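Heads up, input-v2.cif below (mmCIF, C-alpha atoms):
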data_input
#
loop_
_atom_site.group_PDB
_atom_site.id
_atom_site.type_symbol
_atom_site.label_atom_id
_atom_site.label_comp_id
_atom_site.auth_asym_id
_atom_site.auth_seq_id
_atom_site.Cartn_x
_atom_site.Cartn_y
_atom_site.Cartn_z
ATOM 1 C CA MET A 307 81.351 -1.457 39.905
ATOM 2 C CA SER A 308 78.864 -1.180 37.053
ATOM 3 C CA GLU A 309 80.018 2.337 36.262
ATOM 4 C CA GLU A 310 79.817 3.000 32.535
ATOM 5 C CA ARG A 311 83.118 3.153 30.711
ATOM 6 C CA LEU A 312 83.682 5.942 28.221
ATOM 7 C CA THR A 313 86.467 4.141 26.430
ATOM 8 C CA ARG A 314 86.336 1.409 23.842
ATOM 9 C CA SER A 315 87.446 -1.951 25.188
ATOM 10 C CA ASP A 316 88.623 -3.082 21.743
ATOM 11 C CA ILE A 317 91.147 -0.244 21.975
ATOM 12 C CA ALA A 318 91.945 -0.173 25.691
ATOM 13 C CA GLU A 319 92.246 -3.936 25.952
ATOM 14 C CA MET A 320 94.030 -4.976 22.783
ATOM 15 C CA PRO A 321 95.726 -8.306 23.509
ATOM 16 C CA GLY A 322 99.107 -9.709 22.615
ATOM 17 C CA THR A 323 101.968 -7.870 20.952
ATOM 18 C CA CYS A 324 99.903 -4.793 20.141
ATOM 19 C CA ALA A 325 98.617 -4.336 23.729
ATOM 20 C CA LEU A 326 98.953 -0.702 24.841
ATOM 21 C CA PRO A 327 102.119 -0.273 26.933
ATOM 22 C CA ARG A 328 101.039 -0.212 30.555
ATOM 23 C CA LYS A 329 102.747 -0.239 33.890
ATOM 24 C CA SER A 330 100.487 -1.796 36.487
ATOM 25 C CA GLY A 331 97.557 -0.759 34.366
ATOM 26 C CA GLU A 332 98.610 2.817 33.785
ATOM 27 C CA MET A 333 99.350 3.821 30.216
ATOM 28 C CA VAL A 334 102.987 4.599 29.479
ATOM 29 C CA PHE A 335 103.934 7.511 27.223
ATOM 30 C CA HIS A 336 107.576 8.544 27.120
ATOM 31 C CA ARG A 337 107.038 11.669 25.035
ATOM 32 C CA GLU A 338 104.218 14.068 24.346
ATOM 33 C CA TRP A 339 104.175 13.105 20.638
ATOM 34 C CA GLU A 340 103.391 9.514 21.644
ATOM 35 C CA ARG A 341 100.352 10.782 23.527
ATOM 36 C CA ARG A 342 99.292 12.906 20.512
ATOM 37 C CA ALA A 343 99.737 10.016 18.094
ATOM 38 C CA PHE A 344 97.637 7.821 20.341
ATOM 39 C CA ALA A 345 94.869 10.415 20.532
ATOM 40 C CA ILE A 346 94.768 11.120 16.780
ATOM 41 C CA ALA A 347 94.417 7.451 15.820
ATOM 42 C CA VAL A 348 91.753 6.794 18.455
ATOM 43 C CA SER A 349 89.843 9.941 17.557
ATOM 44 C CA LEU A 350 89.772 9.076 13.836
ATOM 45 C CA ALA A 351 88.598 5.542 14.591
ATOM 46 C CA GLU A 352 85.918 6.804 16.968
ATOM 47 C CA GLN A 353 84.728 9.133 14.185
ATOM 48 C CA GLY A 354 84.519 6.158 11.839
ATOM 49 C CA GLN A 355 87.279 7.354 9.505
ATOM 50 C CA PHE A 356 88.632 3.826 9.644
ATOM 51 C CA GLU A 357 87.880 0.587 11.431
ATOM 52 C CA TRP A 358 89.900 0.046 14.576
ATOM 53 C CA SER A 359 90.461 -3.591 13.605
ATOM 54 C CA GLU A 360 92.158 -2.495 10.383
ATOM 55 C CA PHE A 361 94.457 -0.110 12.237
ATOM 56 C CA GLN A 362 95.158 -2.810 14.813
ATOM 57 C CA GLN A 363 96.121 -5.288 12.094
ATOM 58 C CA GLN A 364 98.473 -2.722 10.613
ATOM 59 C CA LEU A 365 99.986 -2.130 14.042
ATOM 60 C CA ILE A 366 100.560 -5.857 14.564
ATOM 61 C CA THR A 367 102.294 -6.021 11.184
ATOM 62 C CA SER A 368 104.425 -2.988 11.946
ATOM 63 C CA ILE A 369 105.493 -4.341 15.343
ATOM 64 C CA ALA A 370 106.329 -7.742 13.841
ATOM 65 C CA GLU A 371 108.463 -5.983 11.215
ATOM 66 C CA SER A 372 110.308 -4.048 13.896
ATOM 67 C CA GLU A 373 111.080 -7.237 15.807
ATOM 68 C CA GLN A 374 112.596 -9.143 12.890
ATOM 69 C CA GLY A 375 112.613 -12.371 14.816
ATOM 70 C CA ASP A 376 113.999 -10.765 17.978
ATOM 71 C CA PRO A 377 111.038 -9.645 20.130
ATOM 72 C CA ARG A 378 113.351 -8.553 22.954
ATOM 73 C CA ASN A 379 115.171 -6.141 20.741
ATOM 74 C CA PRO A 380 112.856 -4.319 18.337
ATOM 75 C CA ARG A 381 114.324 -1.744 15.992
ATOM 76 C CA ARG A 382 111.764 0.834 17.040
ATOM 77 C CA GLY A 383 109.507 1.469 20.004
ATOM 78 C CA TYR A 384 105.800 0.800 20.246
ATOM 79 C CA TYR A 385 104.583 4.304 19.425
ATOM 80 C CA GLU A 386 106.969 4.608 16.515
ATOM 81 C CA SER A 387 105.314 1.526 15.023
ATOM 82 C CA TRP A 388 101.990 3.135 15.957
ATOM 83 C CA LEU A 389 102.875 6.287 14.021
ATOM 84 C CA LEU A 390 103.954 4.269 10.956
ATOM 85 C CA SER A 391 100.635 2.395 11.094
ATOM 86 C CA LEU A 392 98.715 5.636 11.365
ATOM 87 C CA GLU A 393 100.549 7.091 8.366
ATOM 88 C CA THR A 394 99.827 3.915 6.394
ATOM 89 C CA MET A 395 96.117 4.188 7.244
ATOM 90 C CA LEU A 396 96.016 7.856 6.230
ATOM 91 C CA ARG A 397 97.536 7.033 2.833
ATOM 92 C CA ARG A 398 95.320 4.001 2.323
ATOM 93 C CA LYS A 399 92.151 5.906 3.200
ATOM 94 C CA GLN A 400 93.320 9.084 1.466
ATOM 95 C CA LEU A 401 92.378 11.003 4.596
ATOM 96 C CA LEU A 402 94.897 13.732 3.983
ATOM 97 C CA GLY A 403 95.109 13.526 0.200
ATOM 98 C CA ASP A 404 98.752 13.143 -0.801
ATOM 99 C CA ARG A 405 100.097 15.267 2.016
ATOM 100 C CA ILE A 406 101.506 12.372 3.983
ATOM 101 C CA ASP A 407 104.560 10.729 2.464
ATOM 102 C CA MET B 236 115.915 1.428 33.600
ATOM 103 C CA SER B 237 115.262 1.627 37.308
ATOM 104 C CA GLU B 238 114.851 -1.376 39.537
ATOM 105 C CA HIS B 239 111.262 -0.328 39.853
ATOM 106 C CA ASP B 240 110.650 -0.780 36.135
ATOM 107 C CA HIS B 241 112.455 -4.049 36.213
ATOM 108 C CA HIS B 242 110.226 -5.430 38.874
ATOM 109 C CA ASP B 243 107.056 -4.068 37.490
ATOM 110 C CA ALA B 244 107.246 -4.389 33.757
ATOM 111 C CA PRO B 245 108.049 -7.852 32.493
ATOM 112 C CA ALA B 246 110.819 -6.760 30.154
ATOM 113 C CA SER B 247 108.401 -5.313 27.655
ATOM 114 C CA PRO B 248 110.515 -3.822 24.886
ATOM 115 C CA TYR B 249 107.636 -1.545 23.980
ATOM 116 C CA ASN B 250 108.095 0.354 27.199
ATOM 117 C CA ARG B 251 111.623 1.243 26.291
ATOM 118 C CA SER B 252 112.604 4.621 25.006
ATOM 119 C CA ASP B 253 116.147 4.726 23.689
ATOM 120 C CA ARG B 254 115.897 7.008 20.689
ATOM 121 C CA SER B 255 118.303 9.797 19.911
ATOM 122 C CA ALA B 256 117.090 13.343 20.492
ATOM 123 C CA GLU B 257 117.184 14.017 16.735
ATOM 124 C CA HIS B 258 115.128 10.961 15.899
ATOM 125 C CA ASP B 259 112.668 11.826 18.634
ATOM 126 C CA GLN B 260 112.347 15.333 17.256
ATOM 127 C CA ALA B 261 111.696 13.996 13.737
ATOM 128 C CA LEU B 262 108.941 11.742 15.061
ATOM 129 C CA ALA B 263 107.412 14.613 17.011
ATOM 130 C CA GLU B 264 107.341 16.686 13.831
ATOM 131 C CA ARG B 265 105.612 13.930 11.856
ATOM 132 C CA VAL B 266 102.903 13.724 14.489
ATOM 133 C CA ALA B 267 102.569 17.511 14.679
ATOM 134 C CA LYS B 268 102.126 17.640 10.906
ATOM 135 C CA ILE B 269 99.329 15.069 10.939
ATOM 136 C CA GLU B 270 97.661 16.822 13.853
ATOM 137 C CA SER B 271 97.779 20.249 12.212
ATOM 138 C CA LEU B 272 96.435 18.905 8.894
ATOM 139 C CA PHE B 273 93.484 17.331 10.680
ATOM 140 C CA ILE B 274 92.904 20.457 12.725
ATOM 141 C CA ALA B 275 92.837 22.449 9.465
ATOM 142 C CA LYS B 276 90.258 20.017 8.093
ATOM 143 C CA GLY B 277 88.220 20.443 11.247
ATOM 144 C CA LEU B 278 88.317 16.716 12.007
ATOM 145 C CA VAL B 279 90.093 17.043 15.338
ATOM 146 C CA ASN B 280 90.918 19.790 17.791
ATOM 147 C CA LYS B 281 93.475 19.988 20.546
ATOM 148 C CA ALA B 282 91.050 20.126 23.410
ATOM 149 C CA ALA B 283 89.138 17.093 22.162
ATOM 150 C CA LEU B 284 92.360 15.119 21.750
ATOM 151 C CA ASP B 285 93.473 16.036 25.266
ATOM 152 C CA LYS B 286 90.145 14.957 26.635
ATOM 153 C CA LEU B 287 90.324 11.678 24.768
ATOM 154 C CA VAL B 288 93.758 10.786 26.163
ATOM 155 C CA ASP B 289 92.547 11.768 29.590
ATOM 156 C CA LEU B 290 89.635 9.340 29.305
ATOM 157 C CA TYR B 291 91.907 6.470 28.338
ATOM 158 C CA GLU B 292 94.514 7.287 30.970
ATOM 159 C CA ASN B 293 91.904 7.425 33.693
ATOM 160 C CA ASP B 294 89.842 4.553 32.392
ATOM 161 C CA LEU B 295 89.332 2.214 35.317
ATOM 162 C CA GLY B 296 89.824 -0.680 32.945
ATOM 163 C CA PRO B 297 88.245 -4.068 32.838
ATOM 164 C CA MET B 298 86.628 -5.273 36.047
ATOM 165 C CA ASN B 299 86.643 -8.811 34.779
ATOM 166 C CA GLY B 300 87.722 -10.176 38.138
ATOM 167 C CA ALA B 301 84.144 -9.896 39.416
ATOM 168 C CA LYS B 302 82.973 -12.150 36.597
ATOM 169 C CA VAL B 303 85.706 -14.654 37.377
ATOM 170 C CA VAL B 304 84.727 -14.731 41.062
ATOM 171 C CA ALA B 305 80.997 -15.022 40.372
ATOM 172 C CA ARG B 306 81.606 -17.911 37.992
ATOM 173 C CA ALA B 307 83.717 -19.663 40.624
ATOM 174 C CA TRP B 308 80.913 -19.209 43.168
ATOM 175 C CA VAL B 309 78.261 -20.812 40.965
ATOM 176 C CA ASP B 310 80.363 -23.436 39.202
ATOM 177 C CA PRO B 311 82.455 -25.687 41.495
ATOM 178 C CA LYS B 312 84.310 -27.239 38.577
ATOM 179 C CA TYR B 313 85.303 -23.823 37.291
ATOM 180 C CA LYS B 314 86.454 -22.935 40.781
ATOM 181 C CA GLN B 315 88.712 -25.998 40.824
ATOM 182 C CA ARG B 316 90.246 -25.019 37.517
ATOM 183 C CA LEU B 317 90.651 -21.449 38.718
ATOM 184 C CA LEU B 318 92.514 -22.495 41.848
ATOM 185 C CA SER B 319 94.745 -24.965 40.037
ATOM 186 C CA ASP B 320 95.537 -22.887 36.908
ATOM 187 C CA ALA B 321 94.206 -19.357 37.185
ATOM 188 C CA THR B 322 95.823 -18.033 34.004
ATOM 189 C CA ALA B 323 94.061 -20.666 31.894
ATOM 190 C CA ALA B 324 90.740 -20.430 33.780
ATOM 191 C CA ILE B 325 90.653 -16.637 33.392
ATOM 192 C CA ALA B 326 91.502 -16.932 29.686
ATOM 193 C CA GLU B 327 88.615 -19.412 29.414
ATOM 194 C CA LEU B 328 86.225 -16.512 30.087
ATOM 195 C CA GLY B 329 87.881 -14.536 27.320
ATOM 196 C CA PHE B 330 89.955 -12.233 29.496
ATOM 197 C CA GLY B 331 93.481 -11.906 28.243
ATOM 198 C CA GLY B 332 95.800 -9.017 27.725
ATOM 199 C CA LEU B 333 98.302 -10.351 30.192
ATOM 200 C CA GLN B 334 101.842 -9.708 29.099
ATOM 201 C CA GLY B 335 103.424 -12.874 30.331
ATOM 202 C CA GLU B 336 102.333 -12.579 33.938
ATOM 203 C CA HIS B 337 101.180 -15.713 35.624
ATOM 204 C CA MET B 338 97.929 -15.386 37.587
ATOM 205 C CA VAL B 339 97.376 -17.153 40.887
ATOM 206 C CA VAL B 340 94.010 -17.134 42.655
ATOM 207 C CA VAL B 341 93.932 -17.605 46.425
ATOM 208 C CA GLU B 342 90.719 -18.583 48.176
ATOM 209 C CA ASN B 343 89.293 -16.994 51.299
ATOM 210 C CA THR B 344 87.531 -19.389 53.655
ATOM 211 C CA SER B 345 86.176 -19.213 57.187
ATOM 212 C CA GLN B 346 89.698 -20.150 58.323
ATOM 213 C CA VAL B 347 91.962 -18.264 55.904
ATOM 214 C CA HIS B 348 91.949 -14.656 54.752
ATOM 215 C CA ASN B 349 94.231 -13.595 51.897
ATOM 216 C CA ILE B 350 95.545 -10.123 51.070
ATOM 217 C CA VAL B 351 97.517 -9.018 48.027
ATOM 218 C CA VAL B 352 100.284 -6.439 47.990
ATOM 219 C CA CYS B 353 103.276 -5.509 45.885
ATOM 220 C CA THR B 354 105.976 -4.610 48.381
ATOM 221 C CA LEU B 355 108.468 -3.327 45.801
ATOM 222 C CA CYS B 356 106.242 -1.217 43.591
ATOM 223 C CA SER B 357 102.685 -1.661 42.406
ATOM 224 C CA CYS B 358 102.404 -4.877 40.410
ATOM 225 C CA TYR B 359 98.733 -5.435 39.835
ATOM 226 C CA PRO B 360 96.602 -7.644 37.601
ATOM 227 C CA TRP B 361 95.198 -4.995 35.282
ATOM 228 C CA PRO B 362 93.280 -7.378 32.976
ATOM 229 C CA VAL B 363 91.129 -8.519 35.896
ATOM 230 C CA LEU B 364 91.164 -5.546 38.261
ATOM 231 C CA GLY B 365 91.707 -2.481 36.090
ATOM 232 C CA LEU B 366 93.699 0.462 37.436
ATOM 233 C CA PRO B 367 95.106 0.041 40.941
ATOM 234 C CA PRO B 368 93.686 2.275 43.679
ATOM 235 C CA THR B 369 95.999 4.995 44.979
ATOM 236 C CA TRP B 370 96.402 3.403 48.398
ATOM 237 C CA TYR B 371 97.674 0.192 46.781
ATOM 238 C CA LYS B 372 100.673 2.132 45.457
ATOM 239 C CA ASP B 373 101.215 3.902 48.750
ATOM 240 C CA ALA B 374 104.398 3.049 50.658
ATOM 241 C CA ALA B 375 102.443 2.837 53.917
ATOM 242 C CA TYR B 376 100.138 0.093 52.656
ATOM 243 C CA ARG B 377 102.997 -1.780 51.017
ATOM 244 C CA SER B 378 105.089 -1.978 54.151
ATOM 245 C CA ARG B 379 102.443 -2.169 56.861
ATOM 246 C CA VAL B 380 100.315 -4.893 55.347
ATOM 247 C CA VAL B 381 103.255 -7.265 55.608
ATOM 248 C CA VAL B 382 104.083 -6.636 59.265
ATOM 249 C CA ASP B 383 100.639 -5.916 60.621
ATOM 250 C CA PRO B 384 97.927 -7.019 58.198
ATOM 251 C CA ARG B 385 95.205 -7.114 60.841
ATOM 252 C CA SER B 386 95.415 -3.441 61.679
ATOM 253 C CA VAL B 387 95.466 -2.542 57.994
ATOM 254 C CA LEU B 388 92.341 -4.658 57.576
ATOM 255 C CA THR B 389 90.715 -2.882 60.507
ATOM 256 C CA GLU B 390 91.302 0.455 58.785
ATOM 257 C CA PHE B 391 89.391 -0.901 55.815
ATOM 258 C CA GLY B 392 86.602 -1.880 58.201
ATOM 259 C CA THR B 393 87.387 -5.562 58.065
ATOM 260 C CA THR B 394 87.626 -7.438 61.329
ATOM 261 C CA LEU B 395 88.509 -11.094 61.426
ATOM 262 C CA ALA B 396 88.033 -13.646 64.186
ATOM 263 C CA GLU B 397 91.162 -14.388 66.224
ATOM 264 C CA ASP B 398 91.535 -17.880 64.826
ATOM 265 C CA VAL B 399 91.496 -16.817 61.172
ATOM 266 C CA GLU B 400 94.880 -17.154 59.530
ATOM 267 C CA VAL B 401 95.921 -14.112 57.488
ATOM 268 C CA ARG B 402 98.116 -14.735 54.454
ATOM 269 C CA VAL B 403 99.831 -11.911 52.603
ATOM 270 C CA TRP B 404 100.829 -12.436 48.960
ATOM 271 C CA ASP B 405 103.546 -10.339 47.396
ATOM 272 C CA SER B 406 102.984 -9.755 43.673
ATOM 273 C CA SER B 407 105.840 -9.607 41.253
ATOM 274 C CA ALA B 408 106.504 -9.113 37.575
ATOM 275 C CA GLU B 409 105.966 -12.821 37.045
ATOM 276 C CA VAL B 410 103.112 -13.633 39.419
ATOM 277 C CA ARG B 411 99.936 -11.623 40.026
ATOM 278 C CA TYR B 412 97.487 -12.642 42.707
ATOM 279 C CA LEU B 413 93.728 -12.346 42.855
ATOM 280 C CA VAL B 414 91.704 -13.121 45.962
ATOM 281 C CA LEU B 415 88.643 -15.311 45.611
ATOM 282 C CA PRO B 416 86.468 -13.819 48.360
ATOM 283 C CA GLU B 417 83.906 -15.807 50.323
ATOM 284 C CA ARG B 418 80.402 -15.806 48.945
ATOM 285 C CA PRO B 419 78.242 -13.979 51.490
ATOM 286 C CA GLU B 420 75.422 -15.828 53.177
ATOM 287 C CA GLY B 421 71.976 -15.061 51.889
ATOM 288 C CA THR B 422 72.974 -14.938 48.232
ATOM 289 C CA GLN B 423 71.769 -18.407 47.249
ATOM 290 C CA ASP B 424 68.947 -17.009 45.160
ATOM 291 C CA LEU B 425 71.022 -14.489 43.240
ATOM 292 C CA SER B 426 71.899 -15.037 39.604
ATOM 293 C CA GLU B 427 75.480 -14.960 38.380
ATOM 294 C CA ASP B 428 74.927 -11.457 36.962
ATOM 295 C CA GLN B 429 73.536 -10.230 40.266
ATOM 296 C CA LEU B 430 76.517 -11.722 42.097
ATOM 297 C CA VAL B 431 78.929 -9.912 39.753
ATOM 298 C CA LYS B 432 77.485 -6.598 40.929
ATOM 299 C CA LEU B 433 78.231 -7.424 44.580
ATOM 300 C CA ILE B 434 81.911 -8.153 44.023
ATOM 301 C CA ASP B 435 84.119 -5.109 44.236
ATOM 302 C CA ARG B 436 87.786 -4.490 43.643
ATOM 303 C CA ASP B 437 88.746 -4.249 47.316
ATOM 304 C CA SER B 438 87.370 -7.699 48.042
ATOM 305 C CA MET B 439 89.563 -9.155 45.289
ATOM 306 C CA ILE B 440 92.644 -7.438 46.695
ATOM 307 C CA GLY B 441 91.593 -8.880 50.013
ATOM 308 C CA VAL B 442 91.174 -5.789 52.164
ATOM 309 C CA LYS B 443 87.408 -6.210 52.427
ATOM 310 C CA LYS B 444 84.825 -8.928 52.402
ATOM 311 C CA VAL B 445 82.017 -9.012 49.896
ATOM 312 C CA GLN B 446 78.961 -7.375 51.446
ATOM 313 C CA ILE B 447 75.353 -7.676 50.467
ATOM 314 C CA SER B 448 74.489 -4.150 49.459
#
As structure tokens, how would this structure be written, given the file I've shared?
Amino acid sequence: MSEERLTRSDIAEMPGTCALPRKSGEMVFHREWERRAFAIAVSLAEQGQFEWSEFQQQLITSIAESEQGDPRNPRRGYYESWLLSLETMLRRKQLLGDRID
Amino acid sequence: MSEHDHHDAPASPYNRSDRSAEHDQALAERVAKIESLFIAKGLVNKAALDKLVDLYENDLGPMNGAKVVARAWVDPKYKQRLLSDATAAIAELGFGGLQGEHMVVVENTSQVHNIVVCTLCSCYPWPVLGLPPTWYKDAAYRSRVVVDPRSVLTEFGTTLAEDVEVRVWDSSAEVRYLVLPERPEGTQDLSEDQLVKLIDRDSMIGVKKVQIS
């Protein structure tokens, strides 16, 4: 019960629209690139390359954009919004110079 | 989308994957580019990324249910709120993350024993119980607990007196159940934090009673 968790709860338990897609608790990835994109963002945040809260805010914005007033019918899936947010963070923090367009 | 998804996931659009193969390929290439640039910089490596995903996928998740139960044991007014509006009472303790599911808490007493199942798939209240145990998803548990709950309980080492009524609750996409187990005798002197440590997942699914360890 009091087993130590090796994950960050601010990531694993994000609430609301940006909550990680789960099916009865288990994370849902439809494609391998979704899994990779998840891992890259989490790894960079865990290394302190950016604050998770800043990425999360960007993700919320990106998801809201994709919904355009119709939450049941977003123009792109969760991890596509995730990838856009990651690319935005990389540009903003200049983590890959100008190699991300 | 299969019926299974329909029952389990409350129409979350984020779980949907309806991209064209070309679009999917383009996205995969964008991710691969980022990954290879970071690998070249020495900031990430494939093995570390794999390990990281593995940690998150196997993360047991929040065991907030134990805190909810312990609070209900020590605070009768909280318990009342929990039994009348579980979703709100659980949110009161700061535990959210529910995607539209309604929580219902059912109380075990000396006369009533509750068990939770999802007969159609594996609906489960992740924000309070974390990842479901394998047996919860097993077809045998899902069918047998409905027709013969007492023998299932026996297999978990739980025997109930003849006159105890057993109630089985079938979870769905809309409603998730949590059992409020009985507080064991001899725990009057324990603090709320100490009580939290006694309360395990199985007792909140209802297949076991809380034991003093």
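In this model, the gap between CA of Pro384 in chain B and CA of Lys444 in chain B comes to 14.5 Å.
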Give as a ChimeraX atom specification the set of residues within 10 Å of the point (94.2, 0.0, 52.4), where distances use the file's coordinates and all atoms listed in the file.
/B:352,368-373,375-377,379-380,384,386-392,437,440-443
Please, could you write that set of residues out with C-alpha atoms as a PDB file, keeping the file's coordinate frame?
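Output (part04.pdb):
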ATOM      1  CA  VAL B 352     100.284  -6.439  47.990  1.00  0.00           C
ATOM      2  CA  PRO B 368      93.686   2.275  43.679  1.00  0.00           C
ATOM      3  CA  THR B 369      95.999   4.995  44.979  1.00  0.00           C
ATOM      4  CA  TRP B 370      96.402   3.403  48.398  1.00  0.00           C
ATOM      5  CA  TYR B 371      97.674   0.192  46.781  1.00  0.00           C
ATOM      6  CA  LYS B 372     100.673   2.132  45.457  1.00  0.00           C
ATOM      7  CA  ASP B 373     101.215   3.902  48.750  1.00  0.00           C
ATOM      8  CA  ALA B 375     102.443   2.837  53.917  1.00  0.00           C
ATOM      9  CA  TYR B 376     100.138   0.093  52.656  1.00  0.00           C
ATOM     10  CA  ARG B 377     102.997  -1.780  51.017  1.00  0.00           C
ATOM     11  CA  ARG B 379     102.443  -2.169  56.861  1.00  0.00           C
ATOM     12  CA  VAL B 380     100.315  -4.893  55.347  1.00  0.00           C
ATOM     13  CA  PRO B 384      97.927  -7.019  58.198  1.00  0.00           C
ATOM     14  CA  SER B 386      95.415  -3.441  61.679  1.00  0.00           C
ATOM     15  CA  VAL B 387      95.466  -2.542  57.994  1.00  0.00           C
ATOM     16  CA  LEU B 388      92.341  -4.658  57.576  1.00  0.00           C
ATOM     17  CA  THR B 389      90.715  -2.882  60.507  1.00  0.00           C
ATOM     18  CA  GLU B 390      91.302   0.455  58.785  1.00  0.00           C
ATOM     19  CA  PHE B 391      89.391  -0.901  55.815  1.00  0.00           C
ATOM     20  CA  GLY B 392      86.602  -1.880  58.201  1.00  0.00           C
ATOM     21  CA  ASP B 437      88.746  -4.249  47.316  1.00  0.00           C
ATOM     22  CA  ILE B 440      92.644  -7.438  46.695  1.00  0.00           C
ATOM     23  CA  GLY B 441      91.593  -8.880  50.013  1.00  0.00           C
ATOM     24  CA  VAL B 442      91.174  -5.789  52.164  1.00  0.00           C
ATOM     25  CA  LYS B 443      87.408  -6.210  52.427  1.00  0.00           C
TER      26      LYS B 443
END
Pick from A:Gly383, A:Gly331, A:Gly354, A:Gly375: nearest to Lys399 in chain A, with only C-alpha atoms counted?
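Looking at the shortest contact to Lys399 in chain A, the residue is A:Gly354.
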Quick check: residues of chain A within 7 Å of chain B, all atoms listed in the file, returned as an MDAnalysis selection string.
chainID A and resid 307:308 312:313 319:322 325 327 329:333 336 339 343 345:346 378:380 383:384
Expected selection from the PyMOL selection byres ((chain A and resi 355) around 10), given as a PDB file with C-alpha atoms, in the frame of the given file:
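Dumped to selection-v7.pdb:
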ATOM      1  CA  ALA A 347      94.417   7.451  15.820  1.00  0.00           C
ATOM      2  CA  SER A 349      89.843   9.941  17.557  1.00  0.00           C
ATOM      3  CA  LEU A 350      89.772   9.076  13.836  1.00  0.00           C
ATOM      4  CA  ALA A 351      88.598   5.542  14.591  1.00  0.00           C
ATOM      5  CA  GLU A 352      85.918   6.804  16.968  1.00  0.00           C
ATOM      6  CA  GLN A 353      84.728   9.133  14.185  1.00  0.00           C
ATOM      7  CA  GLY A 354      84.519   6.158  11.839  1.00  0.00           C
ATOM      8  CA  PHE A 356      88.632   3.826   9.644  1.00  0.00           C
ATOM      9  CA  GLU A 357      87.880   0.587  11.431  1.00  0.00           C
ATOM     10  CA  TRP A 358      89.900   0.046  14.576  1.00  0.00           C
ATOM     11  CA  MET A 395      96.117   4.188   7.244  1.00  0.00           C
ATOM     12  CA  LEU A 396      96.016   7.856   6.230  1.00  0.00           C
ATOM     13  CA  LYS A 399      92.151   5.906   3.200  1.00  0.00           C
ATOM     14  CA  LEU A 401      92.378  11.003   4.596  1.00  0.00           C
TER      15      LEU A 401
ATOM     16  CA  LEU B 278      88.317  16.716  12.007  1.00  0.00           C
TER      17      LEU B 278
END
For CA of Ser387 in chain A and CA of Leu365 in chain A, quote the distance in Å rounded to one decimal.
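A separation of 6.5 Å between them.
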Pick the closest to Ser368 in chain A from A:Val348, A:Arg405, A:Leu392, A:Glu338: which is it, counting only C-alpha atoms?
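So, comparing all the options, the nearest one is A:Leu392.
Going from CA of Val414 in chain B over to CA of Pro311 in chain B, you cover 16.2 Å.
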